[in-house]
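Data block for model-v9.cif (mmCIF, C-alpha atoms):
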```cif
data_target
loop_
_atom_site.group_PDB
_atom_site.id
_atom_site.type_symbol
_atom_site.label_atom_id
_atom_site.label_comp_id
_atom_site.auth_asym_id
_atom_site.auth_seq_id
_atom_site.Cartn_x
_atom_site.Cartn_y
_atom_site.Cartn_z
ATOM 1 C CA MET A 287 101.695 91.355 86.612
ATOM 2 C CA HIS A 288 103.951 93.992 88.117
ATOM 3 C CA ILE A 289 107.701 93.836 88.471
ATOM 4 C CA ILE A 290 109.221 95.416 91.560
ATOM 5 C CA ILE A 291 113.007 95.199 91.998
ATOM 6 C CA GLY A 292 113.200 92.385 89.457
ATOM 7 C CA ILE A 293 110.641 90.173 91.226
ATOM 8 C CA LYS A 294 107.401 89.249 89.453
ATOM 9 C CA LEU A 295 104.406 89.873 91.673
ATOM 10 C CA ASP A 296 100.769 89.095 91.166
ATOM 11 C CA ARG A 297 98.156 91.756 91.497
ATOM 12 C CA VAL A 298 95.537 90.367 93.843
ATOM 13 C CA LEU A 299 92.203 92.077 94.411
ATOM 14 C CA TYR A 300 90.489 91.151 97.655
ATOM 15 C CA ILE A 301 86.790 91.997 97.903
ATOM 16 C CA ILE A 302 85.998 92.322 101.600
ATOM 17 C CA GLU A 303 82.743 92.696 103.466
ATOM 18 C CA ASN A 304 82.162 96.327 104.461
ATOM 19 C CA ASN A 305 81.072 96.484 108.074
ATOM 20 C CA GLY A 306 80.280 100.190 108.178
ATOM 21 C CA TYR A 307 83.395 101.800 106.679
ATOM 22 C CA SER A 308 83.126 104.937 104.526
ATOM 23 C CA ILE A 309 85.525 107.067 102.498
ATOM 24 C CA LYS A 310 86.191 109.035 105.691
ATOM 25 C CA ASP A 311 87.768 105.884 107.177
ATOM 26 C CA LEU A 312 90.458 105.506 104.492
ATOM 27 C CA ASP A 313 93.317 106.805 106.657
ATOM 28 C CA ASN A 314 92.262 104.512 109.493
ATOM 29 C CA LEU A 315 92.052 101.549 107.097
ATOM 30 C CA LYS A 316 95.489 102.347 105.659
ATOM 31 C CA GLU A 317 96.929 102.415 109.163
ATOM 32 C CA LYS A 318 95.306 99.075 110.002
ATOM 33 C CA LEU A 319 96.804 97.523 106.868
ATOM 34 C CA ASN A 320 100.344 98.892 107.112
ATOM 35 C CA ASN A 321 101.574 95.427 108.145
ATOM 36 C CA LEU A 322 100.750 93.629 104.878
ATOM 37 C CA GLY A 323 104.367 93.575 103.754
ATOM 38 C CA CYS A 324 103.641 94.579 100.158
ATOM 39 C CA ALA A 325 102.422 97.560 98.184
ATOM 40 C CA HIS A 326 98.653 97.889 98.253
ATOM 41 C CA THR A 327 95.733 100.190 97.515
ATOM 42 C CA ILE A 328 92.432 100.461 99.392
ATOM 43 C CA ARG A 329 89.050 101.421 97.954
ATOM 44 C CA VAL A 330 85.772 101.847 99.837
ATOM 45 C CA SER A 331 82.371 101.007 98.393
ATOM 46 C CA ILE A 332 79.161 101.135 100.363
ATOM 47 C CA THR A 333 78.825 97.376 99.743
ATOM 48 C CA HIS A 334 82.425 96.220 100.133
ATOM 49 C CA LEU A 335 86.083 97.154 100.574
ATOM 50 C CA GLU A 336 88.718 96.458 97.950
ATOM 51 C CA ILE A 337 92.340 95.833 98.730
ATOM 52 C CA VAL A 338 94.692 95.496 95.796
ATOM 53 C CA ALA A 339 97.919 93.861 96.932
ATOM 54 C CA PHE A 340 100.944 93.645 94.667
ATOM 55 C CA CYS A 341 102.237 90.316 95.938
ATOM 56 C CA LYS A 342 101.417 86.621 95.864
ATOM 57 C CA ASP A 343 98.148 85.548 97.435
ATOM 58 C CA SER A 344 98.645 83.439 100.539
ATOM 59 C CA LYS A 345 96.736 82.303 103.592
ATOM 60 C CA THR A 346 99.071 84.453 105.708
ATOM 61 C CA LEU A 347 98.208 87.575 103.703
ATOM 62 C CA ARG A 348 94.478 86.795 103.811
ATOM 63 C CA ASP A 349 94.679 86.266 107.587
ATOM 64 C CA LYS A 350 96.449 89.630 108.039
ATOM 65 C CA ILE A 351 93.720 91.374 106.040
ATOM 66 C CA THR A 352 90.782 89.793 107.847
ATOM 67 C CA LYS A 353 92.364 90.300 111.273
ATOM 68 C CA SER A 354 93.262 93.944 110.542
ATOM 69 C CA ILE A 355 89.897 94.904 109.050
ATOM 70 C CA GLY A 356 87.641 92.648 111.094
ATOM 71 C CA SER A 357 85.682 91.560 108.023
ATOM 72 C CA ARG A 358 85.611 88.440 105.901
ATOM 73 C CA ILE A 359 86.933 88.148 102.362
ATOM 74 C CA LEU A 360 84.067 87.728 99.891
ATOM 75 C CA ASP A 361 86.054 87.169 96.700
ATOM 76 C CA ILE A 362 89.590 87.139 95.328
ATOM 77 C CA PHE A 363 90.683 88.103 91.807
ATOM 78 C CA ILE A 364 94.229 87.321 90.699
ATOM 79 C CA GLY A 365 95.414 89.037 87.536
ATOM 80 C CA GLU A 366 93.020 90.446 84.946
ATOM 81 C CA PRO A 367 89.320 89.603 84.541
ATOM 82 C CA GLU A 368 88.486 87.322 81.607
ATOM 83 C CA VAL A 369 86.816 89.040 78.645
ATOM 84 C CA LYS A 370 84.202 86.910 76.861
ATOM 85 C CA ASN A 371 83.404 87.943 73.282
ATOM 86 C CA GLY A 372 79.857 89.165 72.946
ATOM 87 C CA LYS A 373 79.488 89.807 76.679
ATOM 88 C CA GLU A 374 81.845 92.766 77.018
ATOM 89 C CA LEU A 375 79.185 95.403 77.581
ATOM 90 C CA SER A 376 76.942 93.336 79.876
ATOM 91 C CA ASP A 377 79.940 92.262 81.992
ATOM 92 C CA PHE A 378 81.192 95.861 82.159
ATOM 93 C CA MET A 379 77.765 97.050 83.297
ATOM 94 C CA SER A 380 77.570 94.254 85.872
ATOM 95 C CA PHE A 381 80.896 95.380 87.373
ATOM 96 C CA LEU A 382 79.576 98.967 87.484
ATOM 97 C CA ASP A 383 76.289 97.887 89.087
ATOM 98 C CA ASN A 384 78.212 96.011 91.783
ATOM 99 C CA GLU A 385 80.517 99.006 92.396
ATOM 100 C CA LEU A 386 83.526 96.989 91.245
ATOM 101 C CA PHE A 387 84.850 99.992 89.373
ATOM 102 C CA TRP A 388 88.490 98.949 89.161
ATOM 103 C CA LEU A 389 87.477 95.600 87.665
ATOM 104 C CA ALA A 390 85.231 97.468 85.214
ATOM 105 C CA HIS A 391 88.149 99.743 84.309
ATOM 106 C CA THR A 392 90.556 96.847 83.802
ATOM 107 C CA PHE A 393 87.967 94.757 81.979
ATOM 108 C CA MET A 394 87.078 97.464 79.422
ATOM 109 C CA GLU A 395 90.721 97.978 78.417
ATOM 110 C CA ASN A 396 90.610 94.889 76.169
ATOM 111 C CA PRO A 397 87.534 95.917 74.136
ATOM 112 C CA TRP A 398 88.838 99.489 73.827
ATOM 113 C CA LYS A 399 92.164 98.249 72.446
ATOM 114 C CA SER A 400 90.655 95.564 70.207
ATOM 115 C CA TYR A 401 88.190 98.028 68.626
ATOM 116 C CA ASN A 402 90.849 100.789 68.623
ATOM 117 C CA ASP A 403 88.187 103.366 69.485
ATOM 118 C CA LYS A 404 89.026 106.473 71.536
ATOM 119 C CA LYS A 405 85.400 106.873 72.584
ATOM 120 C CA LEU A 406 85.495 103.385 74.128
ATOM 121 C CA GLN A 407 88.584 104.557 75.998
ATOM 122 C CA SER A 408 86.293 107.063 77.704
ATOM 123 C CA LEU A 409 84.536 104.091 79.372
ATOM 124 C CA VAL A 410 87.882 102.967 80.801
ATOM 125 C CA LEU A 411 88.431 106.487 82.133
ATOM 126 C CA TYR A 412 84.898 106.666 83.564
ATOM 127 C CA ALA A 413 85.321 103.436 85.521
ATOM 128 C CA GLY A 414 88.807 104.568 86.576
ATOM 129 C CA ALA A 415 87.338 107.855 87.822
ATOM 130 C CA LEU A 416 84.857 105.995 89.998
ATOM 131 C CA ALA A 417 87.656 103.797 91.366
ATOM 132 C CA LYS A 418 89.715 106.900 92.177
ATOM 133 C CA ALA A 419 86.708 108.304 94.038
ATOM 134 C CA GLN A 420 86.574 105.083 96.072
ATOM 135 C CA GLU A 421 90.232 105.752 96.952
ATOM 136 C CA GLY A 422 89.240 109.194 98.241
ATOM 137 C CA ASP A 423 90.898 111.128 95.390
ATOM 138 C CA LYS A 424 88.161 113.415 94.078
ATOM 139 C CA LYS A 425 90.539 115.598 92.070
ATOM 140 C CA ALA A 426 91.874 112.595 90.122
ATOM 141 C CA ALA A 427 88.317 111.330 89.613
ATOM 142 C CA ILE A 428 87.152 114.655 88.150
ATOM 143 C CA ASN A 429 90.285 114.872 85.963
ATOM 144 C CA LEU A 430 89.565 111.409 84.518
ATOM 145 C CA ILE A 431 85.969 112.424 83.753
ATOM 146 C CA GLN A 432 87.298 115.500 81.937
ATOM 147 C CA MET A 433 89.719 113.316 79.962
ATOM 148 C CA ALA A 434 86.805 111.033 79.006
ATOM 149 C CA LYS A 435 84.849 114.074 77.837
ATOM 150 C CA ASP A 436 87.839 115.329 75.835
ATOM 151 C CA LEU A 437 87.877 111.990 73.969
ATOM 152 C CA GLY A 438 84.262 112.500 72.904
ATOM 153 C CA GLY A 439 82.978 110.296 75.673
ATOM 154 C CA ASP A 440 79.930 112.481 76.225
ATOM 155 C CA GLU A 441 78.397 110.561 73.307
ATOM 156 C CA LEU A 442 78.640 107.382 75.410
ATOM 157 C CA ILE A 443 78.392 108.761 78.960
ATOM 158 C CA ASP A 444 76.113 111.360 80.523
ATOM 159 C CA MET A 445 78.871 113.438 82.131
ATOM 160 C CA ASP A 446 76.568 115.201 84.619
ATOM 161 C CA CYS A 447 75.398 111.778 85.771
ATOM 162 C CA ALA A 448 79.048 110.653 86.011
ATOM 163 C CA ILE A 449 79.913 113.569 88.307
ATOM 164 C CA LYS A 450 76.850 112.742 90.422
ATOM 165 C CA GLN A 451 78.159 109.170 90.869
ATOM 166 C CA ILE A 452 81.448 110.555 92.207
ATOM 167 C CA ASP A 453 79.519 112.761 94.628
ATOM 168 C CA LEU A 454 77.461 109.753 95.775
ATOM 169 C CA ILE A 455 80.656 107.834 96.554
ATOM 170 C CA PHE A 456 81.889 110.697 98.742
ATOM 171 C CA GLN A 457 78.475 110.854 100.445
ATOM 172 C CA ASN A 458 78.727 107.121 101.234
ATOM 173 C CA GLN A 459 75.673 106.363 99.101
ATOM 174 C CA ARG A 460 74.964 103.644 96.566
ATOM 175 C CA THR A 461 75.767 104.568 92.977
ATOM 176 C CA SER A 462 73.872 103.730 89.803
ATOM 177 C CA ALA A 463 76.877 104.102 87.515
ATOM 178 C CA SER A 464 75.570 102.040 84.594
ATOM 179 C CA ARG A 465 72.598 104.406 84.252
ATOM 180 C CA CYS A 466 75.010 107.070 83.016
ATOM 181 C CA LEU A 467 75.799 105.010 79.914
ATOM 182 C CA ASN A 468 74.267 105.406 76.466
ATOM 183 C CA VAL A 469 74.051 101.667 75.806
ATOM 184 C CA GLU A 470 72.856 102.063 72.212
ATOM 185 C CA GLN A 471 75.829 104.249 71.274
ATOM 186 C CA ILE A 472 78.289 101.986 73.095
ATOM 187 C CA THR A 473 76.873 98.964 71.265
ATOM 188 C CA ASN A 474 77.361 100.780 67.948
ATOM 189 C CA HIS A 475 81.009 101.436 68.818
ATOM 190 C CA MET A 476 81.556 97.795 69.780
ATOM 191 C CA ARG A 477 80.349 96.388 66.468
ATOM 192 C CA PRO A 478 83.076 95.033 64.205
ATOM 193 C CA LYS A 479 84.023 97.533 61.517
ATOM 194 C CA THR A 480 83.120 96.308 58.032
#
```
Take the structure in this file and express it as structure tokens.
Amino acid sequence: MHIIIGIKLDRVLYIIENNGYSIKDLDNLKEKLNNLGCAHTIRVSITHLEIVAFCKDSKTLRDKITKSIGSRILDIFIGEPEVKNGKELSDFMSFLDNELFWLAHTFMENPWKSYNDKKLQSLVLYAGALAKAQEGDKKAAINLIQMAKDLGGDELIDMDCAIKQIDLIFQNQRTSASRCLNVEQITNHMRPKT
């Protein structure tokens, strides 16, 4: 939840069908969506668009989005994704494979905090970097990858592969973000400490 001027607002993530948009269309998409009436962020994936709106979900808001973009809403997430014990890594990888990088980022925050492991934080930063790339902010994406590396994340993530995923996003190509992960090492870090 976010609080803006003392009013509690939901964070709603709309997953929208991508009918040919690319990163190059971000300014055009932002212009089309300037009538939403609440703060929002737009991300472009080759498979879908993401609009994060900081307001209550409503039919009116959904209608504005679909009319402005000309695409149907595929899914809606309100609040944070649910973390199921024992499925953290497979769910994280599923979000990455489906280019739902912001959900992956948000989802991995719980395991990172519960295991209190800085290297797991690098996974949060990696997913966040990919989400920033989908927002068209390459500099922020590269900075987040560097922060992940500084935390020792290169034990868990192939950093050259991570940079390649950012480049693929800017080339409007499908990523294979989960292939950059060292699953064995991540699994070791997600085992309860005895």
Output check: residues returned by the PyMOL selection byres ((chain A and resi 303) around 10), as a PyMOL selection string: chain A and resi 300-302+304-307+331-336+352+355-361
Sorted per-residue table, range 335-370 of chain A near range 391-402 of chain A, closest atoms and distance, 8 Å, all atoms listed in the file, as JSON lines:
```
{"residue": "A:Glu366", "atom": "CA", "partner": "A:Thr392", "partner_atom": "CA", "distance": 7.0}
{"residue": "A:Pro367", "atom": "CA", "partner": "A:Phe393", "partner_atom": "CA", "distance": 5.9}
{"residue": "A:Glu368", "atom": "CA", "partner": "A:Phe393", "partner_atom": "CA", "distance": 7.5}
{"residue": "A:Val369", "atom": "CA", "partner": "A:Phe393", "partner_atom": "CA", "distance": 6.7}
```
Selection result for the PyMOL selection byres ((chain A and resi 390) around 8) on this file, as a list in words: Phe378, Met379, Phe381, Leu382, Leu386, Phe387, Trp388, Leu389, His391, Thr392, Phe393, Met394, Val410 and Ala413 of chain A
Given the PyMOL selection byres ((chain A and resi 325) around 10), the residues it picks as an NGL selection string: :A and (290 or 297 or 320 or 322-324 or 326-327 or 338-341)
Exercise: range 421-438 of chain A partners within 6 Å, only C-alpha atoms, chain neighbours under 2 positions left out, as a ChimeraX atom specification: /A:329,405,408,411-412,415,418-419,440
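Remark: for Ile472 in chain A, the closest of the candidate residues A:Leu409, A:Ile337, A:Leu315, A:Leu454 is A:Leu409 (distances computed over only C-alpha atoms).
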Expected axis-aligned box over every listed atom of range 438-457 of chain A, 6 Å added per side, centre plus edges in Å to one decimal, as lines of an AutoDock Vina configuration file:
```
center_x = 79.8
center_y = 111.3
center_z = 86.7
size_x = 20.9
size_y = 19.8
size_z = 39.5
```
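Here CA of Val330 in chain A stands at a distance of 9.7 Å from CA of Phe456 in chain A.
Coordinates place CA of Ile364 in chain A at a distance of 21.2 Å from CA of Lys316 in chain A.
As for CA of Asn371 in chain A and CA of Leu406 in chain A, they are spaced 15.6 Å apart.
The nearest approach to Leu312 in chain A among the residues A:Ser354, A:Gln420, A:Gln451, A:Gln459, with all atoms listed in the file taken into account, belongs to A:Gln420.
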Distance criterion (all atoms listed in the file): nearest to Lys318 in chain A out of A:Val298, A:Ile455, A:Ala417, A:Ile351: A:Ile351
Among listed residues A:Ser380, A:Asn474, A:Asn321, A:Asn314, nearest Asp403 in chain A (using only C-alpha atoms): A:Asn474
